[in-house]
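Quick look at data_2.txt (compact mmCIF, C-alpha atoms):
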```txt
# COMPACT_ATOMS: atom_id res chain seq x y z
CA MET E 1 -35.02 62.69 57.83
CA THR E 2 -33.14 61.18 55.02
CA ALA E 3 -32.93 62.80 51.66
CA ALA E 4 -34.96 61.22 48.87
CA ALA E 5 -32.89 59.22 46.45
CA GLU E 6 -32.48 60.91 43.11
CA PRO E 7 -33.65 58.95 40.07
CA ALA E 8 -30.83 57.29 38.19
CA THR E 9 -29.91 59.14 35.05
CA PRO E 10 -29.33 56.88 32.05
CA SER E 11 -25.77 57.15 30.86
CA LEU E 12 -25.28 57.85 27.19
CA PRO E 13 -22.44 56.21 25.32
CA ARG E 14 -19.50 58.44 24.83
CA ARG E 15 -18.51 59.49 21.34
CA GLY E 16 -15.93 57.09 19.93
CA ALA E 17 -16.79 54.32 22.40
CA ARG E 18 -16.93 50.78 20.93
CA ARG E 19 -20.26 49.06 20.68
CA THR E 20 -20.40 45.33 21.39
CA VAL E 21 -22.56 43.33 19.00
CA THR E 22 -23.78 40.08 20.47
CA ALA E 23 -24.40 36.98 18.40
CA ALA E 24 -27.34 35.86 20.56
CA PRO E 25 -30.05 36.93 18.06
CA ARG E 26 -28.26 35.09 15.25
CA ARG E 27 -28.01 31.93 17.34
CA THR E 28 -31.66 32.27 18.33
CA LEU E 29 -32.80 32.44 14.69
CA ARG E 30 -30.69 29.42 13.80
CA ALA E 31 -32.08 27.45 16.75
CA ARG E 32 -35.63 28.35 15.75
CA TYR E 33 -34.96 27.26 12.18
CA GLU E 34 -33.49 23.91 13.26
CA ALA E 35 -36.37 23.30 15.68
CA SER E 36 -39.34 24.28 13.51
CA VAL E 37 -38.47 24.64 9.81
CA ALA E 38 -35.75 22.00 9.28
CA PRO E 39 -37.85 18.98 10.40
CA VAL E 40 -40.54 19.97 7.90
CA VAL E 41 -38.44 21.12 4.96
CA GLY E 42 -35.65 18.52 5.29
CA PRO E 43 -37.65 15.40 4.27
CA ILE E 44 -38.95 17.31 1.23
CA VAL E 45 -35.72 18.94 0.07
CA ALA E 46 -33.45 15.88 0.49
CA PRO E 47 -35.25 13.62 -2.05
CA VAL E 48 -35.53 16.52 -4.50
CA ALA E 49 -31.81 17.24 -4.15
CA ARG E 50 -30.94 13.59 -4.76
CA ARG E 51 -33.09 13.44 -7.88
CA MET E 52 -31.66 16.69 -9.18
CA GLY E 53 -28.19 15.28 -8.63
CA ARG E 54 -29.07 12.21 -10.68
CA VAL E 55 -30.52 14.35 -13.46
CA LEU E 56 -27.52 16.67 -13.58
CA GLY E 57 -25.17 13.72 -13.40
CA VAL E 58 -26.14 12.50 -16.89
CA VAL E 59 -25.25 15.83 -18.52
CA THR E 60 -21.78 15.85 -20.06
CA PRO E 61 -19.67 19.04 -20.36
CA LEU E 62 -20.76 19.28 -24.00
CA GLY E 63 -24.38 18.93 -22.92
CA ALA E 64 -23.95 21.64 -20.30
CA GLY E 65 -22.64 23.96 -23.01
CA VAL E 66 -25.63 23.21 -25.25
CA VAL E 67 -28.05 23.89 -22.35
CA VAL E 68 -26.39 27.22 -21.53
CA ALA E 69 -26.34 28.29 -25.19
CA THR E 70 -30.02 27.36 -25.58
CA VAL E 71 -31.07 29.35 -22.48
CA VAL E 72 -28.99 32.39 -23.43
CA ALA E 73 -30.30 32.37 -27.01
CA GLY E 74 -33.92 32.06 -25.81
CA LEU E 75 -33.62 34.93 -23.33
CA ALA E 76 -31.77 37.16 -25.78
CA GLY E 77 -34.31 36.42 -28.54
CA ALA E 78 -37.23 37.26 -26.24
CA VAL E 79 -35.66 40.52 -25.00
CA LEU E 80 -34.20 41.78 -28.26
CA GLY E 81 -36.89 40.39 -30.50
CA TRP E 82 -34.42 38.56 -32.77
CA TRP E 83 -36.09 35.63 -34.48
CA GLU E 84 -32.70 34.18 -35.34
CA LEU E 85 -31.85 33.69 -31.65
CA THR E 86 -35.31 32.34 -30.91
CA THR E 87 -34.95 29.83 -33.75
CA LEU E 88 -31.54 28.81 -32.39
CA ALA E 89 -33.08 28.27 -28.94
CA LEU E 90 -35.88 26.12 -30.41
CA CYS E 91 -33.33 24.03 -32.30
CA GLY E 92 -31.40 23.56 -29.06
CA VAL E 93 -34.53 22.39 -27.23
CA ALA E 94 -35.32 19.93 -30.02
CA LEU E 95 -31.75 18.61 -29.97
CA LEU E 96 -31.82 18.11 -26.19
CA ALA E 97 -35.18 16.33 -26.42
CA VAL E 98 -33.98 13.95 -29.15
CA CYS E 99 -30.73 13.14 -27.31
CA ALA E 100 -32.59 12.61 -24.02
CA GLY E 101 -34.66 9.90 -25.72
CA PHE E 102 -31.58 7.68 -25.87
CA LEU E 103 -31.59 7.50 -22.06
CA ILE E 104 -35.10 6.07 -21.84
CA GLY E 105 -35.14 2.54 -20.44
CA ARG E 106 -32.87 0.66 -18.07
CA THR E 107 -29.69 -1.07 -19.13
CA ARG E 108 -29.25 -4.19 -17.06
CA TYR E 109 -26.65 -6.88 -17.64
CA ASP E 110 -25.54 -9.97 -15.80
CA VAL E 111 -21.82 -9.28 -15.65
CA SER E 112 -19.13 -11.89 -15.08
CA LEU E 113 -15.55 -10.67 -14.58
CA ASP E 114 -12.82 -13.27 -14.26
CA LEU E 115 -9.02 -13.15 -14.13
CA THR E 116 -7.07 -16.26 -15.10
CA ARG E 117 -4.46 -15.37 -12.46
CA GLN E 118 -4.70 -12.71 -9.80
CA ARG E 119 -0.94 -12.86 -9.12
CA VAL E 120 1.66 -12.30 -11.80
CA VAL E 121 5.30 -11.25 -11.92
CA VAL E 122 6.44 -7.95 -13.39
CA GLY E 123 6.51 -8.26 -17.17
CA GLU E 124 3.89 -11.00 -17.41
CA ARG E 125 0.46 -10.42 -18.92
CA ALA E 126 -2.64 -10.97 -16.85
CA VAL E 127 -5.41 -12.43 -19.00
CA GLY E 128 -9.08 -12.08 -18.14
CA SER E 129 -12.57 -12.42 -19.59
CA LEU E 130 -15.63 -10.18 -19.46
CA THR E 131 -19.10 -11.61 -20.13
CA LEU E 132 -22.28 -9.50 -20.35
CA ARG E 133 -25.63 -11.25 -20.61
CA ASN E 134 -29.11 -9.80 -21.17
CA PRO E 135 -31.34 -11.28 -18.43
CA GLY E 136 -34.48 -9.38 -19.45
CA THR E 137 -37.28 -10.06 -21.89
CA ARG E 138 -36.47 -7.11 -24.16
CA ALA E 139 -33.50 -6.42 -26.34
CA ILE E 140 -30.81 -4.02 -25.10
CA LEU E 141 -29.49 -1.38 -27.46
CA PRO E 142 -25.76 -1.16 -28.18
CA ALA E 143 -23.75 0.28 -25.33
CA ARG E 144 -20.21 0.74 -24.11
CA ALA E 145 -18.71 -1.07 -21.13
CA ILE E 146 -15.91 0.46 -19.09
CA LEU E 147 -13.48 -1.77 -17.18
CA PRO E 148 -11.17 0.33 -14.96
CA VAL E 149 -7.69 -1.15 -14.52
CA GLY E 150 -5.75 0.98 -12.07
CA GLN E 151 -5.77 4.50 -13.52
CA ALA E 152 -6.67 3.31 -17.04
CA ARG E 153 -10.28 3.07 -18.24
CA PRO E 154 -10.47 0.84 -21.34
CA VAL E 155 -13.80 0.81 -23.20
CA PHE E 156 -15.48 -2.27 -24.70
CA GLU E 157 -18.14 -1.94 -27.39
CA VAL E 158 -21.19 -4.08 -26.55
CA PRO E 159 -23.51 -4.85 -29.50
CA ARG E 160 -27.28 -5.12 -29.36
CA LEU E 161 -28.21 -8.08 -27.17
CA ALA E 162 -31.42 -10.04 -27.65
CA PRO E 163 -33.16 -11.51 -24.57
CA GLY E 164 -30.90 -14.20 -23.10
CA ALA E 165 -27.99 -13.38 -25.45
CA ALA E 166 -24.44 -12.85 -24.17
CA HIS E 167 -21.33 -11.06 -25.34
CA ASP E 168 -17.81 -12.19 -24.41
CA ASP E 169 -14.61 -10.18 -24.49
CA LEU E 170 -11.07 -11.29 -23.70
CA PHE E 171 -8.51 -8.78 -22.49
CA ALA E 172 -4.87 -8.75 -21.44
CA ILE E 173 -3.34 -6.44 -18.84
CA PRO E 174 0.35 -5.66 -19.41
CA THR E 175 2.41 -5.24 -16.24
CA THR E 176 5.42 -2.98 -16.45
CA ARG E 177 6.04 -2.38 -12.74
CA ARG E 178 5.29 -3.86 -9.36
CA ALA E 179 1.89 -2.77 -8.04
CA VAL E 180 -1.56 -3.83 -6.84
CA LEU E 181 -4.08 -2.99 -9.56
CA THR E 182 -7.81 -2.72 -8.95
CA VAL E 183 -9.71 -4.28 -11.85
CA GLY E 184 -13.34 -3.14 -12.06
CA PRO E 185 -16.08 -2.61 -11.24
CA VAL E 186 -17.56 -3.00 -14.72
CA SER E 187 -19.87 -0.15 -15.71
CA ALA E 188 -22.02 0.28 -18.81
CA VAL E 189 -22.25 3.68 -20.47
CA ARG E 190 -25.41 4.59 -22.33
CA GLY E 191 -25.92 7.85 -24.16
CA ASP E 192 -26.66 9.63 -27.39
CA PRO E 193 -24.35 9.58 -30.44
CA LEU E 194 -23.41 13.25 -29.98
CA GLY E 195 -22.28 12.78 -26.37
CA ILE E 196 -24.64 15.34 -24.83
CA PHE E 197 -26.12 12.93 -22.27
CA GLN E 198 -24.42 9.92 -20.73
CA ARG E 199 -25.60 7.55 -18.01
CA THR E 200 -23.31 5.11 -16.24
CA GLN E 201 -24.42 2.03 -14.30
CA ALA E 202 -21.96 -0.11 -12.38
CA TRP E 203 -22.08 -3.88 -11.88
CA SER E 204 -19.80 -6.60 -10.47
CA ASP E 205 -17.27 -6.28 -7.66
CA PRO E 206 -13.71 -5.07 -8.21
CA LEU E 207 -10.85 -7.56 -8.22
CA GLU E 208 -7.27 -7.05 -7.10
CA LEU E 209 -4.38 -7.97 -9.38
CA PHE E 210 -1.07 -8.42 -7.54
CA VAL E 211 2.03 -7.73 -9.61
CA HIS E 212 4.83 -9.40 -7.66
CA PRO E 213 8.46 -8.28 -7.84
CA HIS E 214 11.11 -10.34 -9.62
CA THR E 215 12.83 -12.91 -7.38
CA VAL E 216 15.76 -15.26 -7.91
CA GLY E 217 16.67 -18.55 -6.24
CA LEU E 218 19.45 -18.53 -3.63
CA ASP E 219 20.44 -22.18 -3.39
CA GLY E 220 23.69 -21.53 -1.57
CA MET E 221 22.10 -19.57 1.23
CA SER E 222 21.44 -22.50 3.57
CA ALA E 223 24.93 -23.85 3.12
CA GLY E 224 26.48 -20.59 4.29
CA PHE E 225 24.43 -18.55 6.71
CA LEU E 226 22.54 -21.47 8.21
CA ARG E 227 25.05 -24.26 8.72
CA ASP E 228 24.08 -25.08 12.31
CA LEU E 229 20.70 -26.75 12.67
CA GLU E 230 20.68 -26.04 16.41
CA GLY E 231 21.52 -22.38 16.01
CA LEU E 232 24.49 -20.07 15.57
CA PRO E 233 27.05 -19.67 18.38
CA THR E 234 27.57 -16.18 19.75
CA ARG E 235 30.19 -14.52 21.89
CA ASP E 236 27.92 -14.63 24.95
CA LEU E 237 28.88 -17.33 27.45
CA SER E 238 26.34 -19.64 29.06
CA ARG E 239 26.28 -22.31 31.77
CA ASP E 240 24.18 -24.69 29.70
CA ASP E 241 24.12 -25.02 25.90
CA VAL E 242 25.38 -27.22 23.07
CA SER E 243 28.44 -25.28 21.89
CA PHE E 244 31.45 -26.06 24.15
CA HIS E 245 33.77 -23.15 24.86
CA ALA E 246 36.26 -23.89 27.71
CA LEU E 247 36.71 -25.19 31.25
CA ARG E 248 36.51 -23.03 34.37
CA PRO E 249 36.50 -23.57 38.15
CA TYR E 250 33.23 -24.59 39.74
CA ALA E 251 31.00 -21.82 41.09
CA PRO E 252 28.00 -22.18 43.40
CA GLY E 253 24.91 -22.84 41.35
CA ASP E 254 26.61 -24.73 38.52
CA ASP E 255 24.99 -27.94 37.32
CA ARG E 256 26.92 -31.02 38.53
CA ARG E 257 26.22 -32.72 35.24
CA HIS E 258 28.68 -30.34 33.59
CA VAL E 259 31.58 -31.21 35.89
CA HIS E 260 34.62 -32.38 33.90
CA TRP E 261 35.94 -35.17 36.16
CA ARG E 262 39.19 -35.85 34.28
CA SER E 263 40.36 -32.24 34.58
CA THR E 264 39.17 -32.17 38.20
CA ALA E 265 41.28 -35.27 39.03
CA ARG E 266 44.30 -33.87 37.20
CA THR E 267 44.22 -30.37 38.73
CA GLY E 268 42.70 -31.15 42.09
CA THR E 269 40.13 -28.36 41.56
CA LEU E 270 36.50 -28.93 40.65
CA MET E 271 36.23 -27.89 36.99
CA VAL E 272 33.04 -27.42 34.93
CA ARG E 273 32.37 -26.95 31.23
CA GLN E 274 31.75 -23.41 29.89
CA PHE E 275 29.44 -23.08 26.85
CA GLU E 276 28.81 -20.48 24.17
CA ASP E 277 25.27 -19.22 24.04
CA THR E 278 23.64 -20.18 20.73
CA ARG E 279 20.69 -18.67 18.92
CA ARG E 280 18.20 -20.14 16.55
CA SER E 281 18.73 -19.00 12.98
CA HIS E 282 16.59 -15.87 12.74
CA ILE E 283 17.03 -13.82 9.59
CA VAL E 284 15.87 -10.20 9.60
CA VAL E 285 15.54 -8.35 6.29
CA ALA E 286 15.40 -4.58 6.90
CA LEU E 287 14.15 -2.78 3.79
CA SER E 288 14.36 1.00 3.89
CA ARG E 289 11.61 2.85 2.05
CA ASN E 290 13.01 6.32 2.57
CA ALA E 291 12.79 7.97 -0.87
CA ALA E 292 15.78 10.23 -0.17
CA GLU E 293 18.08 7.19 0.05
CA TYR E 294 17.41 6.04 -3.53
CA ALA E 295 18.68 7.80 -6.65
CA ASP E 296 15.70 6.67 -8.76
CA PRO E 297 12.69 4.32 -8.52
CA ASP E 298 14.63 1.50 -10.20
CA GLU E 299 16.96 1.28 -7.20
CA PHE E 300 14.01 0.77 -4.88
CA GLU E 301 12.58 -1.90 -7.19
CA LEU E 302 15.94 -3.68 -7.04
CA ALA E 303 15.90 -3.49 -3.22
CA VAL E 304 12.37 -4.92 -3.07
CA SER E 305 13.32 -7.78 -5.42
CA ALA E 306 16.40 -8.59 -3.35
CA ALA E 307 14.36 -8.56 -0.13
CA GLY E 308 11.77 -10.84 -1.68
CA SER E 309 14.42 -13.25 -2.96
CA ILE E 310 16.08 -13.60 0.46
CA ALA E 311 12.78 -13.93 2.33
CA VAL E 312 11.30 -16.50 -0.08
CA GLN E 313 14.46 -18.63 0.07
CA ALA E 314 14.40 -18.54 3.89
CA LEU E 315 10.78 -19.72 3.87
CA ARG E 316 11.68 -22.56 1.51
CA ASP E 317 14.40 -23.61 3.94
CA ASP E 318 11.95 -23.47 6.88
CA ARG E 319 13.92 -20.73 8.59
CA GLU E 320 12.58 -18.02 10.86
CA ILE E 321 12.39 -14.83 8.83
CA SER E 322 11.24 -11.28 9.57
CA VAL E 323 10.90 -8.50 7.00
CA MET E 324 10.85 -5.00 8.46
CA SER E 325 10.50 -1.49 7.14
CA GLN E 326 10.14 1.88 8.81
CA ASP E 327 6.34 1.73 9.20
CA PHE E 328 5.15 -0.98 6.83
CA GLY E 329 4.26 -4.46 8.04
CA VAL E 330 5.18 -7.47 5.91
CA PRO E 331 3.73 -10.88 6.89
CA THR E 332 6.15 -13.79 6.65
CA VAL E 333 3.90 -16.78 7.32
CA ALA E 334 4.04 -17.91 3.69
CA GLY E 335 5.44 -16.85 0.35
CA ARG E 336 2.18 -15.58 -1.18
CA PRO E 337 1.22 -13.11 1.61
CA LEU E 338 4.85 -11.98 1.71
CA LEU E 339 4.97 -11.16 -2.01
CA ASP E 340 1.49 -9.62 -1.87
CA ALA E 341 2.70 -7.20 0.80
CA LEU E 342 5.87 -6.42 -1.16
CA SER E 343 3.66 -5.55 -4.14
CA ARG E 344 2.09 -2.74 -2.07
CA ILE E 345 5.19 -1.21 -0.50
CA GLU E 346 6.25 2.19 -1.85
CA THR E 347 8.82 4.82 -1.00
CA ALA E 348 7.94 7.87 1.08
CA HIS E 349 9.73 11.04 2.12
CA ALA E 350 8.28 11.43 5.62
CA VAL E 351 9.78 8.23 7.06
CA ALA E 352 12.78 7.47 9.21
CA SER E 353 16.27 6.90 7.85
CA THR E 354 18.36 3.73 7.80
CA PRO E 355 19.98 4.24 11.27
CA GLU E 356 16.52 4.64 12.83
CA LEU E 357 15.38 1.49 11.02
CA ALA E 358 18.38 -0.32 12.54
CA ALA E 359 17.30 0.89 15.98
CA ARG E 360 13.87 -0.63 15.37
CA VAL E 361 15.47 -3.93 14.41
CA LYS E 362 17.43 -3.94 17.66
CA THR E 363 14.26 -3.26 19.66
CA GLU E 364 11.95 -5.77 17.95
CA ALA E 365 14.43 -8.50 16.94
CA LEU E 366 17.02 -8.59 19.69
CA GLN E 367 17.74 -12.31 19.10
CA ALA E 368 18.41 -11.90 15.38
CA SER E 369 21.33 -13.95 14.13
CA ILE E 370 21.51 -12.48 10.63
CA VAL E 371 20.48 -8.95 9.59
CA VAL E 372 20.33 -7.94 5.93
CA MET E 373 19.91 -4.19 5.45
CA LEU E 374 18.81 -2.99 2.00
CA THR E 375 19.28 0.67 1.13
CA GLY E 376 19.90 2.88 -1.89
CA SER E 377 23.06 4.33 -3.37
CA ARG E 378 22.60 7.67 -1.58
CA VAL E 379 23.35 6.15 1.83
CA SER E 380 26.97 6.95 2.67
CA THR E 381 29.52 4.59 4.15
CA SER E 382 29.50 6.39 7.49
CA VAL E 383 25.72 6.04 7.75
CA LEU E 384 25.95 2.31 7.04
CA ARG E 385 28.67 1.95 9.68
CA SER E 386 26.51 3.79 12.21
CA ALA E 387 23.51 1.60 11.40
CA ALA E 388 25.58 -1.59 11.72
CA ARG E 389 26.74 -0.55 15.20
CA THR E 390 23.12 -0.08 16.28
CA LEU E 391 22.09 -3.63 15.35
CA PRO E 392 21.93 -6.44 17.95
CA SER E 393 25.35 -7.53 19.17
CA GLY E 394 26.47 -10.92 17.92
CA ALA E 395 24.32 -10.73 14.78
CA ARG E 396 25.94 -11.20 11.41
CA VAL E 397 25.30 -8.03 9.38
CA LEU E 398 25.11 -7.75 5.61
CA GLY E 399 24.46 -4.32 4.12
CA VAL E 400 23.19 -4.25 0.54
CA SER E 401 23.57 -0.96 -1.31
CA CYS E 402 21.35 -1.13 -4.39
CA THR E 403 22.91 0.78 -7.30
CA GLN E 404 21.00 0.05 -10.50
CA GLY E 405 23.44 -0.83 -13.29
CA GLY E 406 26.53 -0.48 -11.10
CA PRO E 407 29.32 -3.06 -10.90
CA PRO E 408 29.02 -5.59 -8.05
CA ASP E 409 31.39 -4.94 -5.18
CA LEU E 410 32.02 -6.58 -1.82
CA ARG E 411 33.92 -5.00 1.08
CA ARG E 412 34.27 -5.16 4.84
CA LEU E 413 33.01 -2.25 6.92
CA GLY E 414 33.96 -2.90 10.53
CA ASP E 415 31.94 -5.88 11.74
CA ALA E 416 29.62 -5.73 8.74
CA THR E 417 29.92 -6.78 5.12
CA VAL E 418 28.70 -4.29 2.50
CA LEU E 419 27.54 -5.56 -0.87
CA THR E 420 27.01 -3.19 -3.79
CA LEU E 421 24.28 -4.74 -5.93
CA GLY E 422 23.86 -3.55 -9.51
CA ALA E 423 21.43 -6.19 -10.81
CA LEU E 424 19.24 -8.85 -9.28
CA SER E 425 21.07 -11.57 -11.21
CA ASP E 426 24.25 -10.72 -9.26
CA LEU E 427 22.66 -11.53 -5.90
CA PRO E 428 23.20 -15.36 -5.87
CA VAL E 429 26.88 -15.07 -6.80
CA ALA E 430 27.45 -12.24 -4.34
CA LEU E 431 25.86 -14.20 -1.47
CA ARG E 432 28.06 -17.19 -2.22
CA ARG E 433 31.11 -14.94 -1.89
CA VAL E 434 29.81 -13.56 1.39
CA LEU E 435 29.06 -17.01 2.80
CA ALA E 436 32.21 -18.67 1.60
```
Before we go any further, please render this structure as C-alpha cells.
Amino acid sequence: MTAAAEPATPSLPRRGARRTVTAAPRRTLRARYEASVAPVVGPIVAPVARRMGRVLGVVTPLGAGVVVATVVAGLAGAVLGWWELTTLALCGVALLAVCAGFLIGRTRYDVSLDLTRQRVVVGERAVGSLTLRNPGTRAILPARAILPVGQARPVFEVPRLAPGAAHDDLFAIPTTRRAVLTVGPVSAVRGDPLGIFQRTQAWSDPLELFVHPHTVGLDGMSAGFLRDLEGLPTRDLSRDDVSFHALRPYAPGDDRRHVHWRSTARTGTLMVRQFEDTRRSHIVVALSRNAAEYADPDEFELAVSAAGSIAVQALRDDREISVMSQDFGVPTVAGRPLLDALSRIETAHAVASTPELAARVKTEALQASIVVMLTGSRVSTSVLRSAARTLPSGARVLGVSCTQGGPPDLRRLGDATVLTLGALSDLPVALRRVLA
C-alpha cells in the first residue's frame, strides 16, 4: 500500500522578500474605459472642449487678470462678509459683461492683398496694397487689421464700413537683408476699448516676398574662362577629338581617318594623330554655408552675392552652370529660380566643411572645367590647398575668400588661384585679372 499524499501546505512569503506588483489590473481598467466609456463620452467632450477653447481664446492676459480678481473678490466677500469685496466683484462682472458686448456679431471682409513686385533686391522697397470691403447688408464697426510681414505685425486701423463700402491702404516693406518674407494672411482684430476681450479672424492667403542678393555684371567672363566654343582642352589624351596634340605610331584599333600620310611617307612608319581630350564648358560654383568659416554674417552675404553674380552671368552666356552647397539644392535652369533659392540659403553649424564640399563636387561634377569655391575669411590657406587637390583633375580652380571690407588680393596656391574679395564691386576687376 502506498502512503496517502499529504496536502500541500501553502508557503508564506518570507520576511523581507520582494513583492511583485503586476500592471495587469491597470491595463484592464484602461481597456474597459476605451471600450465602453470613451466611445460615449468622446463625441460629447470633444465639441465642448473646442467651444471652450474658442471662448478662452478671446480673453487677453488683462482679461484673465480681471476674471481672476473678480472671482477671488466674490469668494472672499461671501466668506468674510465684506461688502467692499462683494461690490468689487459685482463691478468686475458688469465690466466683463459690457466688454463682451463688443464681440457680438461677425466681422467679415472681402480682403484683397496685392504686392506690386514679389521679387526685389536688398535695399529696395516692396510696395503693396490692402483693400477691405464690406460684403454684407449691415455696417461693420471700426476694427484693426493685422498684416504679418515676416516677424513684424503691423496694424492698420479700419474705419466703420457701410454696406458695400471699401477701405484701401498702401504700405511699403523695407528690405535690409536677403530673405524670403511671408506677407499675410490678413486678420481683423475686434475687441473692446480696454483690451479685455479680443477676437481675431483671418482672411486671404499669404504671399511670399523674395529679397534677392545684390549681383554685378561680369562682362569679361566669357572672354576669359570660356574662350573655346567646343570646350576646354585638358591634359587627358584621346584618340578622337578636336584639339590636336602630337603624332604617334599606329596602334591596333586606331581610326584610319587619323593617319598622317605625310609623316608616314617620310618616316616609313604608320603615324596617327594624337588629340587632347576636351570638355564642354561646365562651371561649378561651390558655396560653403558652414557658419564657422565666416567671421560675421556680412561675409556670408558677400559670398552669396558673388555666387549669384557668377551664376547669372553664366546663364546669360548660355553656359552650363551648377551651384552646389553642402546640403542645399540650387536650381540653375533660369535666373529667377536661381536667385529665389539664393534668397533662402542660410549658414548652419552642423554642416560639412569646405574640403568635404570639394569632395562632393568631385563626385557629382567630375567633368567640371571650372570650379569656383566661395568661403569665408576663417578658412586657412592649408585648408584651401587641400580642397583644391580634392577637386576634379584638369579643372581650373578659383578660390574666393570673402573678407568683408578687406583689400582685394590675388595669389597662386599650387594649381589654384585664390582671390581675396573685400567688396562685391571688386569682383569684375578681379576676374579680369584672373582671366587675363
Once you count all atoms listed in the file, what closest atom pair and distance in Å to one decimal does each residue of segment 46-129 of chain E within 12 Å of segment 136-159 of chain E have, with rows by chain and rising residue number, as JSON lines?
```
{"residue": "E:Phe102", "atom": "CA", "partner": "E:Leu141", "partner_atom": "CA", "distance": 9.4}
{"residue": "E:Leu103", "atom": "CA", "partner": "E:Leu141", "partner_atom": "CA", "distance": 10.6}
{"residue": "E:Ile104", "atom": "CA", "partner": "E:Leu141", "partner_atom": "CA", "distance": 10.9}
{"residue": "E:Gly105", "atom": "CA", "partner": "E:Ile140", "partner_atom": "CA", "distance": 9.1}
{"residue": "E:Arg106", "atom": "CA", "partner": "E:Ile140", "partner_atom": "CA", "distance": 8.7}
{"residue": "E:Thr107", "atom": "CA", "partner": "E:Ile140", "partner_atom": "CA", "distance": 6.8}
{"residue": "E:Arg108", "atom": "CA", "partner": "E:Gly136", "partner_atom": "CA", "distance": 7.7}
{"residue": "E:Tyr109", "atom": "CA", "partner": "E:Gly136", "partner_atom": "CA", "distance": 8.4}
{"residue": "E:Asp110", "atom": "CA", "partner": "E:Gly136", "partner_atom": "CA", "distance": 9.7}
{"residue": "E:Val111", "atom": "CA", "partner": "E:Ala145", "partner_atom": "CA", "distance": 10.3}
{"residue": "E:Ser112", "atom": "CA", "partner": "E:Leu147", "partner_atom": "CA", "distance": 11.8}
{"residue": "E:Leu113", "atom": "CA", "partner": "E:Leu147", "partner_atom": "CA", "distance": 9.5}
{"residue": "E:Asp114", "atom": "CA", "partner": "E:Leu147", "partner_atom": "CA", "distance": 11.9}
{"residue": "E:Ala126", "atom": "CA", "partner": "E:Val149", "partner_atom": "CA", "distance": 11.3}
{"residue": "E:Gly128", "atom": "CA", "partner": "E:Leu147", "partner_atom": "CA", "distance": 11.3}
{"residue": "E:Ser129", "atom": "CA", "partner": "E:Leu147", "partner_atom": "CA", "distance": 11.0}
```
- prompt: Arg344 of chain E: which residues within 12 Å, counting only C-alpha atoms, same-chain residues fewer than 2 positions away excluded, as JSON, numbers by chain?
  reply: {"E": [177, 178, 179, 180, 181, 208, 209, 210, 211, 212, 213, 289, 301, 304, 328, 329, 330, 337, 338, 339, 340, 341, 342, 346, 347]}
Preceding selection exported with C-alpha atoms as an mmCIF file, in the frame of the given file:
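Saved to part-v2.cif:
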```cif
data_model
loop_
_atom_site.group_PDB
_atom_site.id
_atom_site.type_symbol
_atom_site.label_atom_id
_atom_site.label_comp_id
_atom_site.auth_asym_id
_atom_site.auth_seq_id
_atom_site.Cartn_x
_atom_site.Cartn_y
_atom_site.Cartn_z
ATOM 1 C CA ARG E 177 6.040 -2.380 -12.740
ATOM 2 C CA ARG E 178 5.290 -3.860 -9.360
ATOM 3 C CA ALA E 179 1.890 -2.770 -8.040
ATOM 4 C CA VAL E 180 -1.560 -3.830 -6.840
ATOM 5 C CA LEU E 181 -4.080 -2.990 -9.560
ATOM 6 C CA GLU E 208 -7.270 -7.050 -7.100
ATOM 7 C CA LEU E 209 -4.380 -7.970 -9.380
ATOM 8 C CA PHE E 210 -1.070 -8.420 -7.540
ATOM 9 C CA VAL E 211 2.030 -7.730 -9.610
ATOM 10 C CA HIS E 212 4.830 -9.400 -7.660
ATOM 11 C CA PRO E 213 8.460 -8.280 -7.840
ATOM 12 C CA ARG E 289 11.610 2.850 2.050
ATOM 13 C CA GLU E 301 12.580 -1.900 -7.190
ATOM 14 C CA VAL E 304 12.370 -4.920 -3.070
ATOM 15 C CA PHE E 328 5.150 -0.980 6.830
ATOM 16 C CA GLY E 329 4.260 -4.460 8.040
ATOM 17 C CA VAL E 330 5.180 -7.470 5.910
ATOM 18 C CA PRO E 337 1.220 -13.110 1.610
ATOM 19 C CA LEU E 338 4.850 -11.980 1.710
ATOM 20 C CA LEU E 339 4.970 -11.160 -2.010
ATOM 21 C CA ASP E 340 1.490 -9.620 -1.870
ATOM 22 C CA ALA E 341 2.700 -7.200 0.800
ATOM 23 C CA LEU E 342 5.870 -6.420 -1.160
ATOM 24 C CA GLU E 346 6.250 2.190 -1.850
ATOM 25 C CA THR E 347 8.820 4.820 -1.000
#
```
- prompt: What does the distance from atom CA of Arg125 of chain E to atom CA of Val189 of chain E come to in Å, to one decimal?
  reply: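 So the answer is 26.8 Å.
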Test item: residues at most 10 Å from Gly92 of chain E, all atoms listed in the file, excluding those fewer than 2 positions along its chain, as a compact mmCIF listing (two decimals) with C-alpha atoms, in the coordinates of the input:
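Contents of out_8.txt, as written:
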```txt
# COMPACT_ATOMS: atom_id res chain seq x y z
CA VAL E 66 -25.63 23.21 -25.25
CA VAL E 67 -28.05 23.89 -22.35
CA VAL E 68 -26.39 27.22 -21.53
CA ALA E 69 -26.34 28.29 -25.19
CA THR E 70 -30.02 27.36 -25.58
CA VAL E 71 -31.07 29.35 -22.48
CA ALA E 73 -30.30 32.37 -27.01
CA GLY E 74 -33.92 32.06 -25.81
CA THR E 86 -35.31 32.34 -30.91
CA THR E 87 -34.95 29.83 -33.75
CA LEU E 88 -31.54 28.81 -32.39
CA ALA E 89 -33.08 28.27 -28.94
CA LEU E 90 -35.88 26.12 -30.41
CA ALA E 94 -35.32 19.93 -30.02
CA LEU E 95 -31.75 18.61 -29.97
CA LEU E 96 -31.82 18.11 -26.19
CA ALA E 97 -35.18 16.33 -26.42
CA VAL E 98 -33.98 13.95 -29.15
```
task: Mind checking which residues fall within 9 Å of segment 374-390 of chain E, counting all atoms listed in the file, ignoring those fewer than 4 positions away in the same chain, and posting them as a ChimeraX atom specification?
output: /E:285-296,299-300,303-304,306-307,354-359,361-362,397-404,413-416,418,420
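Note that atom CA of Val272 of chain E and atom CA of Pro252 of chain E are 11.2 Å apart.
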Once 3 Å is added on each side, what centre and edge lengths in Å to one decimal does the axis-aligned box around all listed atoms of segment 385-394 of chain E have, as AutoDock Vina command-line options?
```
--center_x 25.3 --center_y -3.6 --center_z 14.4 --size_x 12.7 --size_y 20.7 --size_z 15.5
```
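What separates atom CA of Asp317 of chain E from atom CA of Ala368 of chain E is a distance of 16.9 Å.
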task: Would you please work out which residue, of E:Arg316, E:Arg160, E:His214, E:Arg411, is nearest to Thr176 of chain E when using only C-alpha atoms?
output: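 The shortest atom-to-atom distance to Thr176 of chain E comes from E:His214.
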